[in-house]
Amino acid sequence: MEQGPDRPHHRGRVGRGPVRPGEDLKRLLTARDTRCRFPGCGIPARDLDLDHTHDAAQGGTTDAGNLAGLCRRHHTLKHHSRWKIRQTGAGNLEWTSPTGRTYKDSPPLPATHISIAPDGLGAPLPATHISIAPDGLGAAHGRARAPDNTIDPPPF
């Protein structure tokens, strides 16, 4: 992260290793954190700071298990208030308010793209619900294929 008057301050560094994430790590975090990771905030990834959960100046590592995308408001809140944050694994965050109440935030679901059902008929299916079957036609998770490779409609 860059320092300057428009960036939340970072104290002198005592840890080893890079403070700024490399391009591959930035892409991974942008894909994981598609919005600010403060519970209920919807600021999109393009406007986020990548923040060390455990401060790099205090020995925090620069990796996916210690970085999270925060909007400027919530990045500043983390550094200049009694709000606390910790990562509990798999990109999950636990925020603790100044009153001690905890709030959990999981990485947002991946963005879905709409694609047409493999047989060209029926309703479009989100791409994240399609897996490629050995026949190359794709099968929807949770839906059975009829013998003619069409997707059976849901039972409701």
# chains A, B, ... in the order shown; residues from 1 in each chain; ligands from 1
>>> residues_around(residues="Ala45 of chain A", least_positions_apart="3", cutoff="10 Å", atoms="only C-alpha atoms", output="ChimeraX atom specification")
/A:29-37,42,48-50,69-71
>>> closest_residue(among="A:Asp47, A:Asp63, A:Glu94, A:Asp105", to="Pro18 of chain A", atoms="only C-alpha atoms")
A:Asp63
>>> atom_distance(atom1="atom CA of Asn66 of chain A", atom2="atom CA of His52 of chain A")
5.5 Å
>>> closest_residue(among="A:Gly22, A:Pro39, A:Gly59, A:Gly65", to="Ser97 of chain A", atoms="only C-alpha atoms")
A:Pro39
>>> select_by_dssp(residues="segment 4-110 of chain A", states="strand (DSSP E or B)", output="ChimeraX atom specification")
/A:35,44,49-52,67-70,84-89,92-96,102-105
>>> atom_distance(atom1="atom CA of Arg46 of chain A", atom2="atom CA of Arg101 of chain A")
29.2 Å
>>> residues_around(residues="segment 81-90 of chain A", least_positions_apart="4", cutoff="10 Å", atoms="only C-alpha atoms", output="PyMOL selection string")
chain A and resi 38+53-54+64-68+74+76-77+94-107
